[in-house]
$ cat model_39.cif   # mmCIF, C-alpha atoms, pLDDT in the B column; chains and numbers go by the auth columns
data_run
loop_
_atom_site.group_PDB
_atom_site.id
_atom_site.type_symbol
_atom_site.label_atom_id
_atom_site.label_comp_id
_atom_site.label_asym_id
_atom_site.label_seq_id
_atom_site.Cartn_x
_atom_site.Cartn_y
_atom_site.Cartn_z
_atom_site.B_iso_or_equiv
_atom_site.auth_seq_id
_atom_site.auth_asym_id
ATOM 1 C CA MET A 1 -77.655 -140.300 101.801 91.00 1 A
ATOM 2 C CA THR A 2 -78.529 -143.952 101.669 93.00 2 A
ATOM 3 C CA ALA A 3 -81.391 -145.338 99.631 94.00 3 A
ATOM 4 C CA THR A 4 -82.653 -148.895 99.971 92.00 4 A
ATOM 5 C CA ILE A 5 -84.696 -149.842 96.939 92.00 5 A
ATOM 6 C CA ALA A 6 -86.883 -152.913 96.511 91.00 6 A
ATOM 7 C CA VAL A 7 -86.303 -155.008 93.404 89.00 7 A
ATOM 8 C CA PRO A 8 -89.256 -157.396 93.597 86.00 8 A
ATOM 9 C CA GLY A 9 -88.616 -159.154 90.262 85.00 9 A
ATOM 10 C CA ALA A 10 -84.950 -159.931 90.934 86.00 10 A
ATOM 11 C CA ARG A 11 -84.180 -163.632 91.022 87.00 11 A
ATOM 12 C CA SER A 12 -80.414 -163.441 90.918 88.00 12 A
ATOM 13 C CA LEU A 13 -77.451 -161.238 91.701 87.00 13 A
ATOM 14 C CA LYS A 14 -77.295 -160.331 88.013 90.00 14 A
ATOM 15 C CA ASP A 15 -80.879 -158.996 88.100 89.00 15 A
ATOM 16 C CA ARG A 16 -80.140 -156.899 91.174 89.00 16 A
ATOM 17 C CA ARG A 17 -76.901 -155.521 89.718 90.00 17 A
ATOM 18 C CA LYS A 18 -78.689 -154.507 86.523 91.00 18 A
ATOM 19 C CA VAL A 19 -81.113 -152.360 88.531 90.00 19 A
ATOM 20 C CA ALA A 20 -78.340 -150.973 90.768 90.00 20 A
ATOM 21 C CA VAL A 21 -76.204 -149.916 87.802 93.00 21 A
ATOM 22 C CA SER A 22 -79.167 -148.322 86.028 93.00 22 A
ATOM 23 C CA VAL A 23 -80.256 -146.293 89.074 93.00 23 A
ATOM 24 C CA ARG A 24 -76.661 -145.366 89.932 94.00 24 A
ATOM 25 C CA ASP A 25 -75.926 -144.120 86.408 95.00 25 A
ATOM 26 C CA ARG A 26 -79.135 -142.083 86.260 95.00 26 A
ATOM 27 C CA LEU A 27 -78.416 -140.405 89.613 95.00 27 A
ATOM 28 C CA ARG A 28 -74.814 -139.641 88.650 95.00 28 A
ATOM 29 C CA SER A 29 -75.718 -138.064 85.329 95.00 29 A
ATOM 30 C CA ARG A 30 -78.791 -136.131 86.486 95.00 30 A
ATOM 31 C CA PHE A 31 -77.534 -134.753 89.821 94.00 31 A
ATOM 32 C CA SER A 32 -73.710 -134.839 89.610 89.00 32 A
ATOM 33 C CA VAL A 33 -73.456 -136.943 92.773 95.00 33 A
ATOM 34 C CA SER A 34 -71.248 -139.838 93.716 95.00 34 A
ATOM 35 C CA CYS A 35 -73.252 -143.054 93.986 95.00 35 A
ATOM 36 C CA HIS A 36 -72.128 -146.555 94.982 93.00 36 A
ATOM 37 C CA GLU A 37 -73.827 -149.825 95.783 91.00 37 A
ATOM 38 C CA VAL A 38 -73.140 -150.939 99.350 90.00 38 A
ATOM 39 C CA HIS A 39 -73.909 -154.231 101.070 75.00 39 A
ATOM 40 C CA GLY A 40 -73.795 -156.013 97.735 62.00 40 A
ATOM 41 C CA ASP A 41 -73.964 -159.436 99.367 66.00 41 A
ATOM 42 C CA GLY A 42 -77.500 -158.950 100.736 69.00 42 A
ATOM 43 C CA PRO A 43 -80.737 -160.416 99.423 76.00 43 A
ATOM 44 C CA TYR A 44 -81.430 -160.243 95.683 80.00 44 A
ATOM 45 C CA HIS A 45 -84.627 -158.259 96.128 86.00 45 A
ATOM 46 C CA THR A 46 -83.018 -155.120 97.630 90.00 46 A
ATOM 47 C CA VAL A 47 -80.395 -152.621 96.480 92.00 47 A
ATOM 48 C CA LYS A 48 -78.716 -150.240 98.932 92.00 48 A
ATOM 49 C CA LEU A 49 -77.036 -147.167 97.448 94.00 49 A
ATOM 50 C CA LEU A 50 -74.748 -144.644 99.108 94.00 50 A
ATOM 51 C CA ILE A 51 -75.152 -141.200 97.527 95.00 51 A
ATOM 52 C CA THR A 52 -72.767 -138.372 98.397 93.00 52 A
ATOM 53 C CA SER A 53 -72.500 -134.742 97.392 92.00 53 A
ATOM 54 C CA GLY A 54 -71.113 -131.449 98.601 87.00 54 A
ATOM 55 C CA ALA A 55 -72.676 -127.992 98.682 85.00 55 A
ATOM 56 C CA ALA A 56 -72.103 -124.494 99.983 83.00 56 A
ATOM 57 C CA ASP A 57 -74.697 -124.877 102.744 83.00 57 A
ATOM 58 C CA LYS A 58 -76.973 -127.378 104.454 84.00 58 A
ATOM 59 C CA PHE A 59 -80.095 -125.981 102.780 89.00 59 A
ATOM 60 C CA GLN A 60 -78.759 -126.895 99.320 90.00 60 A
ATOM 61 C CA LEU A 61 -78.015 -130.448 100.459 89.00 61 A
ATOM 62 C CA GLU A 62 -81.467 -130.841 101.988 90.00 62 A
ATOM 63 C CA ARG A 63 -83.073 -129.607 98.780 94.00 63 A
ATOM 64 C CA LEU A 64 -80.917 -132.022 96.767 94.00 64 A
ATOM 65 C CA SER A 65 -81.870 -134.971 98.975 93.00 65 A
ATOM 66 C CA ASP A 66 -85.580 -134.117 98.625 95.00 66 A
ATOM 67 C CA THR A 67 -85.174 -133.894 94.860 96.00 67 A
ATOM 68 C CA ILE A 68 -83.353 -137.242 94.700 95.00 68 A
ATOM 69 C CA ARG A 69 -86.018 -138.912 96.848 94.00 69 A
ATOM 70 C CA SER A 70 -88.745 -137.563 94.537 94.00 70 A
ATOM 71 C CA TYR A 71 -86.785 -138.613 91.454 95.00 71 A
ATOM 72 C CA LEU A 72 -86.388 -142.179 92.726 93.00 72 A
ATOM 73 C CA ALA A 73 -90.121 -142.326 93.456 91.00 73 A
ATOM 74 C CA SER A 74 -90.935 -141.003 89.971 91.00 74 A
ATOM 75 C CA MET A 75 -88.777 -143.765 88.447 88.00 75 A
ATOM 76 C CA GLY A 76 -91.061 -146.303 90.057 83.00 76 A
ATOM 77 C CA ALA A 77 -88.330 -147.396 92.450 75.00 77 A
ATOM 78 C CA PRO A 78 -90.079 -148.644 95.608 87.00 78 A
ATOM 79 C CA LEU A 79 -88.045 -147.011 98.375 90.00 79 A
ATOM 80 C CA GLN A 80 -87.822 -149.142 101.496 90.00 80 A
ATOM 81 C CA GLN A 81 -85.641 -146.626 103.306 91.00 81 A
ATOM 82 C CA PHE A 82 -84.061 -143.237 102.585 93.00 82 A
ATOM 83 C CA ASP A 83 -81.716 -141.683 105.144 92.00 83 A
ATOM 84 C CA VAL A 84 -79.906 -138.360 104.988 90.00 84 A
ATOM 85 C CA GLU A 85 -76.919 -137.319 107.074 87.00 85 A
ATOM 86 C CA THR A 86 -75.183 -133.975 106.660 82.00 86 A
ATOM 87 C CA PHE A 87 -72.121 -132.511 108.314 76.00 87 A
ATOM 88 C CA ALA A 88 -69.955 -129.457 107.849 75.00 88 A
ATOM 89 C CA LEU A 89 -66.256 -129.732 107.219 70.00 89 A
ATOM 90 C CA GLY A 90 -64.574 -130.172 110.583 64.00 90 A
ATOM 91 C CA GLU A 91 -67.665 -131.467 112.421 63.00 91 A
ATOM 92 C CA GLU A 92 -67.030 -135.154 111.792 58.00 92 A
ATOM 93 C CA PRO A 93 -65.021 -136.786 114.625 56.00 93 A
ATOM 94 C CA GLY A 94 -61.386 -137.085 113.642 55.00 94 A
ATOM 95 C CA TRP A 95 -61.806 -135.014 110.487 51.00 95 A
ATOM 96 C CA GLY A 96 -59.791 -132.072 111.756 50.00 96 A
ATOM 97 C CA GLU A 97 -56.840 -134.287 112.693 51.00 97 A
ATOM 98 C CA TRP A 98 -56.832 -135.776 109.189 47.00 98 A
ATOM 99 C CA LEU A 99 -56.706 -132.317 107.610 46.00 99 A
ATOM 100 C CA GLU A 100 -53.845 -131.264 109.869 49.00 100 A
ATOM 101 C CA SER A 101 -51.831 -134.361 108.984 43.00 101 A
ATOM 102 C CA GLU A 102 -52.265 -133.613 105.266 46.00 102 A
ATOM 103 C CA ASP A 103 -50.644 -130.192 105.747 46.00 103 A
ATOM 104 C CA ASP A 104 -47.575 -131.781 107.330 46.00 104 A
ATOM 105 C CA VAL A 105 -46.718 -133.755 104.167 44.00 105 A
#
$ encode --input "model_39.cif" --output "structure tokens"
Amino acid sequence: MTATIAVPGARSLKDRRKVAVSVRDRLRSRFSVSCHEVHGDGPYHTVKLLITSGAADKFQLERLSDTIRSYLASMGAPLQQFDVETFALGEEPGWGEWLESEDDV
């Protein structure tokens, strides 16, 4: 998942980072997901987060992404964009070759 959040009051990189760290920490603790800021060199008034998680099936991931989107909205975070991409183990191009090479070690 990627979430692009508007930070209208940010006037510096420090302001943007403060918001990014706060949102990241809240998502990590509430949903047990991995969350990282990406494209940190962009404009001060936007934060783009990459959120990753794993689940037993696609339905659980879709429910989690809906819950995260709602949670961000409830925090007052103005979402500019929220994208979700899911894939099963072995569906990603090149993923199977990587797993086979790990077994050879």
$ residues_around --input "model_39.cif" --residues "region 53-61 of chain A" --least-positions-apart "6" --cutoff "10 Å" --atoms "all atoms listed in the file" --output "list in words"
Met1, Phe31, Ser32, Val33, Ser34, Cys35, Thr67, Val84, Glu85, Thr86, Phe87 and Ala88 of chain A
$ residues_around --input "model_39.cif" --residues "Ser12 (chain A)" --least-positions-apart "2" --cutoff "12 Å" --atoms "only C-alpha atoms" --output "list in words"
Val7, Pro8, Gly9, Ala10, Lys14, Asp15, Arg16, Arg17, Lys18, Val19, Asp41, Gly42, Pro43, Tyr44, His45 and Thr46 of chain A
$ atom_distance --input "model_39.cif" --atom1 "CA of Leu89 (chain A)" --atom2 "CA of Glu37 (chain A)"
24.3 Å
$ atom_distance --input "model_39.cif" --atom1 "CA of Ile68 (chain A)" --atom2 "CA of Arg11 (chain A)"
26.7 Å
$ atom_distance --input "model_39.cif" --atom1 "CA of Asp25 (chain A)" --atom2 "CA of Leu50 (chain A)"
12.8 Å
